[in-house]
>>> print(open('protein.txt').read())   # compact mmCIF, C-alpha atoms
# COMPACT_ATOMS: atom_id res chain seq x y z
CA MET B 1 106.68 124.28 77.56
CA GLY B 2 109.60 126.63 76.92
CA TYR B 3 109.02 128.63 73.76
CA ASN B 4 111.48 131.43 74.29
CA ARG B 5 110.56 133.02 70.95
CA ALA B 6 106.93 133.46 71.95
CA MET B 7 105.54 136.91 72.50
CA TYR B 8 101.78 136.79 72.12
CA LEU B 9 99.09 134.83 73.91
CA CYS B 10 96.00 135.11 71.71
CA VAL B 11 92.55 134.41 73.14
CA ASP B 12 89.54 133.89 70.84
CA ILE B 13 86.35 133.80 72.93
CA GLY B 14 83.45 132.49 70.85
CA GLY B 15 79.84 131.77 71.62
CA THR B 16 80.44 128.03 72.00
CA LYS B 17 84.21 127.55 72.23
CA THR B 18 87.31 129.45 73.31
CA LEU B 19 90.58 129.04 71.44
CA LEU B 20 93.96 129.86 72.98
CA ALA B 21 97.11 130.12 70.91
CA LEU B 22 100.73 131.04 71.36
CA VAL B 23 102.18 133.08 68.47
CA ASP B 24 105.80 134.15 68.27
CA LYS B 25 107.05 137.57 67.20
CA THR B 26 107.34 136.46 63.56
CA GLY B 27 103.67 135.42 63.43
CA LYS B 28 104.31 131.68 63.68
CA LEU B 29 101.64 129.76 65.58
CA LEU B 30 103.43 127.53 68.09
CA HIS B 31 100.71 125.93 70.19
CA SER B 32 96.93 126.03 70.50
CA LEU B 33 94.09 124.48 72.46
CA LYS B 34 90.37 124.99 72.84
CA PHE B 35 87.71 124.45 75.47
CA PRO B 36 83.95 125.09 75.70
CA THR B 37 82.85 128.64 76.48
CA ILE B 38 80.96 128.43 79.76
CA ASP B 39 77.79 130.52 80.12
CA ASN B 40 78.57 131.56 83.69
CA GLN B 41 80.94 134.54 83.53
CA LYS B 42 82.85 133.88 86.76
CA LYS B 43 83.23 130.17 86.03
CA PHE B 44 84.41 130.94 82.51
CA TYR B 45 87.13 133.27 83.72
CA SER B 46 88.21 130.75 86.35
CA VAL B 47 88.59 128.07 83.65
CA LEU B 48 90.36 130.50 81.31
CA LYS B 49 92.87 131.49 83.97
CA GLN B 50 93.54 127.84 84.84
CA GLN B 51 94.01 126.88 81.17
CA ILE B 52 96.53 129.69 80.75
CA LYS B 53 98.45 128.75 83.89
CA VAL B 54 98.61 125.06 83.01
CA ASN B 55 99.38 125.31 79.30
CA PHE B 56 101.57 128.40 78.87
CA VAL B 57 104.80 129.71 80.37
CA MET B 58 103.94 133.30 81.12
CA SER B 59 107.56 134.40 81.49
CA CYS B 60 107.99 134.07 77.72
CA ILE B 61 104.83 135.99 76.88
CA ASP B 62 104.95 139.75 76.45
CA VAL B 63 101.33 140.51 75.55
CA ILE B 64 97.84 139.00 75.85
CA SER B 65 95.44 139.78 73.01
CA VAL B 66 91.75 138.96 73.47
CA ALA B 67 88.95 138.74 70.91
CA MET B 68 85.38 138.93 72.18
CA PRO B 69 81.98 138.93 70.46
CA GLY B 70 79.85 142.05 70.63
CA ILE B 71 80.85 145.67 71.02
CA VAL B 72 84.23 146.65 72.48
CA LYS B 73 84.99 150.20 73.61
CA ASN B 74 88.13 151.45 75.33
CA ASN B 75 89.56 147.93 75.60
CA GLN B 76 86.43 146.59 77.33
CA ALA B 77 83.47 144.58 76.02
CA VAL B 78 80.35 146.63 76.72
CA TRP B 79 77.86 144.34 74.99
CA LEU B 80 78.45 140.65 74.36
CA GLY B 81 75.78 139.56 71.93
CA ASN B 82 74.95 135.88 72.42
CA LEU B 83 76.88 135.62 75.70
CA ASN B 84 74.87 136.64 78.74
CA TRP B 85 77.80 138.37 80.42
CA HIS B 86 77.85 141.82 81.98
CA ASP B 87 80.52 144.20 83.32
CA PHE B 88 83.25 141.80 82.20
CA ASP B 89 86.49 143.78 82.24
CA ILE B 90 88.63 140.88 81.12
CA ALA B 91 91.65 143.10 80.44
CA LYS B 92 91.71 144.24 84.06
CA LEU B 93 91.38 140.67 85.35
CA LEU B 94 94.10 139.23 83.10
CA ASN B 95 96.44 142.12 83.82
CA ALA B 96 95.98 141.63 87.57
CA ASP B 97 96.56 137.87 87.37
CA PHE B 98 99.44 137.78 84.86
CA ASP B 99 100.93 141.29 84.92
CA LYS B 100 100.97 141.61 81.12
CA PRO B 101 99.54 144.26 78.81
CA VAL B 102 96.12 143.13 77.55
CA TYR B 103 94.46 144.31 74.34
CA VAL B 104 90.78 143.58 73.66
CA GLU B 105 88.83 143.99 70.41
CA ASN B 106 85.78 142.55 68.66
CA ASP B 107 86.42 139.09 67.22
CA ALA B 108 85.09 139.77 63.72
CA ASN B 109 87.05 143.02 63.50
CA LEU B 110 90.22 141.11 64.31
CA ALA B 111 89.46 138.34 61.83
CA ALA B 112 88.84 140.99 59.18
CA LEU B 113 92.16 142.64 60.02
CA ALA B 114 94.02 139.37 59.48
CA GLU B 115 92.13 138.24 56.39
CA ALA B 116 92.37 141.59 54.58
CA ARG B 117 96.06 142.01 55.33
CA GLY B 118 97.92 142.90 52.16
CA CYS B 119 94.72 143.75 50.28
CA THR B 120 94.13 147.18 48.76
CA GLY B 121 90.72 148.78 48.66
CA ARG B 122 87.82 147.82 50.90
CA SER B 123 87.28 144.34 52.33
CA LEU B 124 84.08 143.18 54.02
CA TYR B 125 84.56 140.11 56.21
CA PHE B 126 81.76 137.90 57.54
CA THR B 127 81.92 134.99 59.93
CA PHE B 128 78.96 132.60 59.75
CA SER B 129 79.32 130.65 62.97
CA THR B 130 77.32 130.59 66.23
CA GLY B 131 76.16 134.05 65.13
CA ILE B 132 77.09 136.30 62.22
CA GLY B 133 79.85 138.82 62.78
CA GLY B 134 81.46 141.25 60.41
CA GLY B 135 84.33 143.66 59.99
CA VAL B 136 85.36 146.26 57.43
CA VAL B 137 88.98 146.95 56.48
CA GLU B 138 90.28 149.51 54.03
CA ASP B 139 93.88 149.38 52.81
CA GLY B 140 94.91 147.30 55.81
CA HIS B 141 93.16 149.33 58.51
CA LEU B 142 89.89 148.82 60.36
CA VAL B 143 87.36 151.43 59.24
CA LYS B 144 86.48 153.46 62.34
CA ARG B 145 82.79 153.95 61.62
CA PHE B 146 82.30 150.17 61.35
CA LEU B 147 84.05 149.20 64.60
CA GLU B 148 80.65 148.49 66.17
CA PHE B 149 79.37 146.64 63.09
CA GLU B 150 76.99 143.88 64.22
CA PRO B 151 75.38 142.60 60.99
CA GLY B 152 73.98 139.43 62.54
CA HIS B 153 71.46 141.46 64.54
CA ASN B 154 69.90 143.17 61.51
CA GLU B 155 66.33 141.96 61.01
CA TYR B 156 64.97 140.50 57.78
CA VAL B 157 61.87 138.65 56.65
CA TYR B 158 62.28 135.20 55.10
CA LEU B 159 59.38 132.95 54.13
CA GLY B 160 57.08 135.07 56.26
CA GLU B 161 59.33 134.91 59.32
CA LYS B 162 60.87 138.08 60.71
CA ALA B 163 64.09 137.39 62.58
CA GLU B 164 67.64 138.54 63.09
CA TRP B 165 69.93 137.54 60.23
CA GLU B 166 71.99 135.22 62.41
CA ASP B 167 68.83 133.37 63.47
CA LEU B 168 68.17 132.69 59.80
CA ALA B 169 71.64 132.21 58.29
CA ALA B 170 74.33 131.58 60.92
CA ALA B 171 75.95 128.14 60.82
CA SER B 172 74.17 127.30 64.08
CA ALA B 173 70.81 128.23 62.53
CA ILE B 174 71.54 126.08 59.46
CA ASN B 175 72.58 123.15 61.67
CA LYS B 176 69.34 123.48 63.62
CA LYS B 177 67.12 123.72 60.55
CA TYR B 178 68.61 120.73 58.75
CA ASN B 179 69.73 118.78 61.82
CA LYS B 180 73.10 118.43 60.10
CA LEU B 181 76.50 120.06 60.14
CA VAL B 182 77.21 122.29 57.17
CA ASN B 183 79.63 119.77 55.64
CA GLU B 184 76.92 117.08 55.77
CA ILE B 185 74.44 118.98 53.58
CA ILE B 186 74.38 117.75 49.96
CA ASP B 187 70.91 118.46 48.56
CA PRO B 188 71.14 121.28 45.94
CA GLN B 189 67.74 122.62 47.03
CA ASP B 190 68.98 122.88 50.61
CA TRP B 191 72.02 124.83 49.45
CA GLN B 192 69.83 127.18 47.44
CA ASP B 193 67.78 127.83 50.57
CA ILE B 194 70.99 128.51 52.53
CA VAL B 195 72.26 130.92 49.87
CA ASN B 196 68.91 132.74 49.86
CA ARG B 197 69.24 133.19 53.62
CA MET B 198 72.76 134.54 53.27
CA LEU B 199 71.68 136.95 50.53
CA LEU B 200 69.21 138.59 52.92
CA GLY B 201 72.09 140.48 54.54
CA LEU B 202 74.75 140.27 51.86
CA VAL B 203 72.78 142.25 49.29
CA PRO B 204 71.93 145.35 51.38
CA LEU B 205 75.30 145.39 53.14
CA THR B 206 77.22 145.06 49.87
CA THR B 207 75.06 147.81 48.41
CA SER B 208 75.71 150.21 51.29
CA ILE B 209 79.38 149.42 52.04
CA LYS B 210 80.51 148.79 48.44
CA PRO B 211 83.44 146.45 49.18
CA ASP B 212 85.97 145.26 46.62
CA ARG B 213 85.84 141.79 48.13
CA LEU B 214 83.72 139.68 50.46
CA ILE B 215 85.69 137.34 52.69
CA PHE B 216 83.88 134.42 54.33
CA GLY B 217 84.82 132.71 57.58
CA GLY B 218 83.15 130.48 60.16
CA PRO B 219 81.89 126.94 59.40
CA LEU B 220 79.38 128.10 56.79
CA GLY B 221 81.69 130.71 55.27
CA LEU B 222 84.55 128.25 54.91
CA ALA B 223 82.25 126.03 52.80
CA LEU B 224 82.03 128.80 50.17
CA ASN B 225 83.35 126.60 47.37
CA THR B 226 80.24 124.43 47.73
CA TYR B 227 77.85 127.27 46.90
CA ARG B 228 80.05 129.96 45.32
CA ASP B 229 78.33 129.81 41.90
CA ARG B 230 74.86 130.04 43.48
CA LEU B 231 75.97 133.02 45.56
CA ARG B 232 77.47 134.78 42.54
CA LYS B 233 74.23 134.33 40.59
CA GLY B 234 72.19 135.55 43.53
CA LEU B 235 74.31 138.68 43.93
CA ASP B 236 74.26 139.37 40.19
CA CYS B 237 70.49 139.11 40.23
CA GLU B 238 69.77 141.13 43.37
CA LEU B 239 72.46 143.81 43.54
CA PRO B 240 71.55 147.17 41.98
CA ALA B 241 72.98 147.61 38.47
CA LYS B 242 75.37 150.33 39.64
CA ILE B 243 76.94 148.07 42.29
CA LYS B 244 79.71 145.79 41.07
CA ARG B 245 79.71 142.30 42.52
CA PRO B 246 82.71 141.97 44.86
CA ARG B 247 85.23 139.19 44.61
CA LEU B 248 84.20 136.25 46.81
CA MET B 249 86.99 134.79 48.96
CA VAL B 250 87.37 132.08 51.60
CA ALA B 251 89.21 133.10 54.77
CA LYS B 252 92.81 132.01 54.25
CA TYR B 253 93.45 131.43 57.95
CA GLY B 254 90.40 129.19 58.32
CA SER B 255 89.38 128.67 61.94
CA PHE B 256 92.44 130.67 63.10
CA SER B 257 91.43 133.99 61.49
CA VAL B 258 90.66 135.58 64.85
CA ILE B 259 93.88 134.28 66.40
CA TYR B 260 96.01 135.87 63.69
CA GLY B 261 93.92 139.01 64.02
CA CYS B 262 94.75 139.06 67.74
CA TYR B 263 98.42 138.84 66.86
CA TYR B 264 98.39 141.62 64.26
CA TYR B 265 96.24 143.87 66.45
CA ALA B 266 98.45 143.45 69.53
CA LYS B 267 101.54 144.07 67.43
CA SER B 268 100.07 147.32 66.12
CA GLN B 269 99.07 148.43 69.62
CA GLN B 270 102.57 147.77 70.89
CA THR B 271 103.99 149.93 68.13
CA ARG B 272 101.79 152.84 69.27
CA ARG B 273 102.96 152.65 72.89
>>> encode(input="protein.txt", output="structure tokens")
Amino acid sequence: MGYNRAMYLCVDIGGTKTLLALVDKTGKLLHSLKFPTIDNQKKFYSVLKQQIKVNFVMSCIDVISVAMPGIVKNNQAVWLGNLNWHDFDIAKLLNADFDKPVYVENDANLAALAEARGCTGRSLYFTFSTGIGGGVVEDGHLVKRFLEFEPGHNEYVYLGEKAEWEDLAAASAINKKYNKLVNEIIDPQDWQDIVNRMLLGLVPLTTSIKPDRLIFGGPLGLALNTYRDRLRKGLDCELPAKIKRPRLMVAKYGSFSVIYGCYYYAKSQQTRR
């Protein structure tokens, strides 16, 4: 596969699947593939390395950009949330195997960076997927104090049950409760229940962060048009009077938000070198 325009290999490591994509220097996505994220850390890296070797021509790639769940510090994931991995310096491994610069950042931060690109003011991005991730961008830049933002692990009480938000409202939690995929749910009462679960975190986080817009990604977030009116009403009812309801937006890059975030992030890091 000889894409001589390609510069960026973007790696989106999720709780259940990993997405690889080749993006050229203009931001055009040229090729992508996905495979299941394996629980075993060493086996996962072995599969990742093999997928890269088989599917990409490394001589045409300048940079590898990696998105990981959890908290990333100094280009290394120090806590991986739903993945039971430890001491996983993926940048060091990839650099040793492919001799390319490697940039690592939290997946929701990167998705937020891509989705809020071109927006003025403050954007609050959420992904409702295997878990719930979030990122905050202001005038095109990640807000430093929110780089370790992990909203899915905030605890709330719903119908007498105390649990982390993502155990109540992530797409995986909704699938488990209703034994259906999000796009298979049609009962209005079910959607009201789902919205109520989402509001558990959306109301206090909107109140404290005061964004101009909320951007929704992940399988549940991308279904926003199905429940947008219910969510608006819920926010209008529950937000304090002094807090203006933000604009509600669907992630424009869909399931590739993190990939484009990888691209923009790597490009910015290159500029700083």
>>> closest_residue(input="protein.txt", among="B:Thr271, B:Thr130, B:Gln189, B:Thr18", to="B:Ala67", atoms="only C-alpha atoms")
B:Thr18
>>> atom_distance(input="protein.txt", atom1="atom CA of B:Ala266", atom2="atom CA of B:Lys144")
17.2 Å
>>> residues_around(input="protein.txt", residues="stretch 87-99 of chain B", least_positions_apart="6", cutoff="10 Å", atoms="only C-alpha atoms", output="list in words")
Gln41, Lys42, Tyr45, Leu48, Lys49, Ile52, Lys53, Met58, Ser59, Ile61, Asp62, Val63, Ile64, Ser65, Val66, Met68, Asn75, Gln76, Ala77, Val78, Trp79 and Leu80 of chain B
>>> atom_distance(input="protein.txt", atom1="atom CA of B:Asp167", atom2="atom CA of B:Arg197")
9.9 Å
>>> closest_residue(input="protein.txt", among="B:Lys43, B:Lys210, B:Lys162, B:Lys28", to="B:Pro240", atoms="only C-alpha atoms")
B:Lys210
>>> residues_around(input="protein.txt", residues="stretch 199-201 of chain B", least_positions_apart="6", cutoff="9 Å", atoms="all atoms listed in the file", output="ChimeraX atom specification")
/B:151-152,154-158,165,169,231,234-235,238
>>> residues_around(input="protein.txt", residues="B:Ala173", least_positions_apart="2", cutoff="12 Å", atoms="only C-alpha atoms", output="PyMOL selection string")
chain B and resi 128-132+152+163-171+175-182+194+197-198+219-220
>>> closest_residue(input="protein.txt", among="B:Thr37, B:Asn106, B:Asn84, B:Asn55", to="B:Ala21", atoms="only C-alpha atoms")
B:Asn55
>>> decode(input="protein.txt", residues="stretch 98-112 of chain B", atoms="N, CA and C atoms", output="CSV table (one decimal), in the first residue's frame")
chain,number,residue,atom,x,y,z
B,98,PHE,N,9.4,0.9,15.5
B,98,PHE,CA,9.2,1.6,14.2
B,98,PHE,C,10.0,2.8,14.0
B,99,ASP,N,10.8,3.2,15.0
B,99,ASP,CA,11.7,4.4,14.9
B,99,ASP,C,11.0,5.6,14.3
B,100,LYS,N,9.8,5.9,14.9
B,100,LYS,CA,9.1,7.1,14.6
B,100,LYS,C,8.7,7.9,15.9
B,101,PRO,N,8.6,9.2,15.8
B,101,PRO,CA,8.1,9.9,17.0
B,101,PRO,C,6.7,9.4,17.3
B,102,VAL,N,6.4,9.3,18.6
B,102,VAL,CA,5.1,8.8,19.1
B,102,VAL,C,4.5,9.8,20.1
B,103,TYR,N,3.3,10.2,19.8
B,103,TYR,CA,2.6,11.1,20.7
B,103,TYR,C,1.4,10.4,21.3
B,104,VAL,N,1.2,10.5,22.6
B,104,VAL,CA,0.1,9.8,23.3
B,104,VAL,C,-0.7,10.8,24.1
B,105,GLU,N,-2.0,10.7,24.0
B,105,GLU,CA,-2.9,11.6,24.8
B,105,GLU,C,-4.2,10.8,25.1
B,106,ASN,N,-5.0,11.3,26.0
B,106,ASN,CA,-6.3,10.7,26.4
B,106,ASN,C,-7.2,10.8,25.2
B,107,ASP,N,-8.0,9.7,25.0
B,107,ASP,CA,-8.8,9.6,23.8
B,107,ASP,C,-9.9,10.7,23.7
B,108,ALA,N,-10.6,10.9,24.9
B,108,ALA,CA,-11.7,11.9,24.9
B,108,ALA,C,-11.1,13.3,24.7
B,109,ASN,N,-9.9,13.6,25.2
B,109,ASN,CA,-9.3,14.9,25.0
B,109,ASN,C,-9.1,15.1,23.5
B,110,LEU,N,-8.6,14.1,22.9
B,110,LEU,CA,-8.3,14.2,21.4
B,110,LEU,C,-9.6,14.4,20.6
B,111,ALA,N,-10.6,13.6,21.0
B,111,ALA,CA,-11.9,13.8,20.3
B,111,ALA,C,-12.4,15.2,20.5
B,112,ALA,N,-12.3,15.7,21.7
B,112,ALA,CA,-12.8,17.1,22.0
B,112,ALA,C,-12.0,18.1,21.1
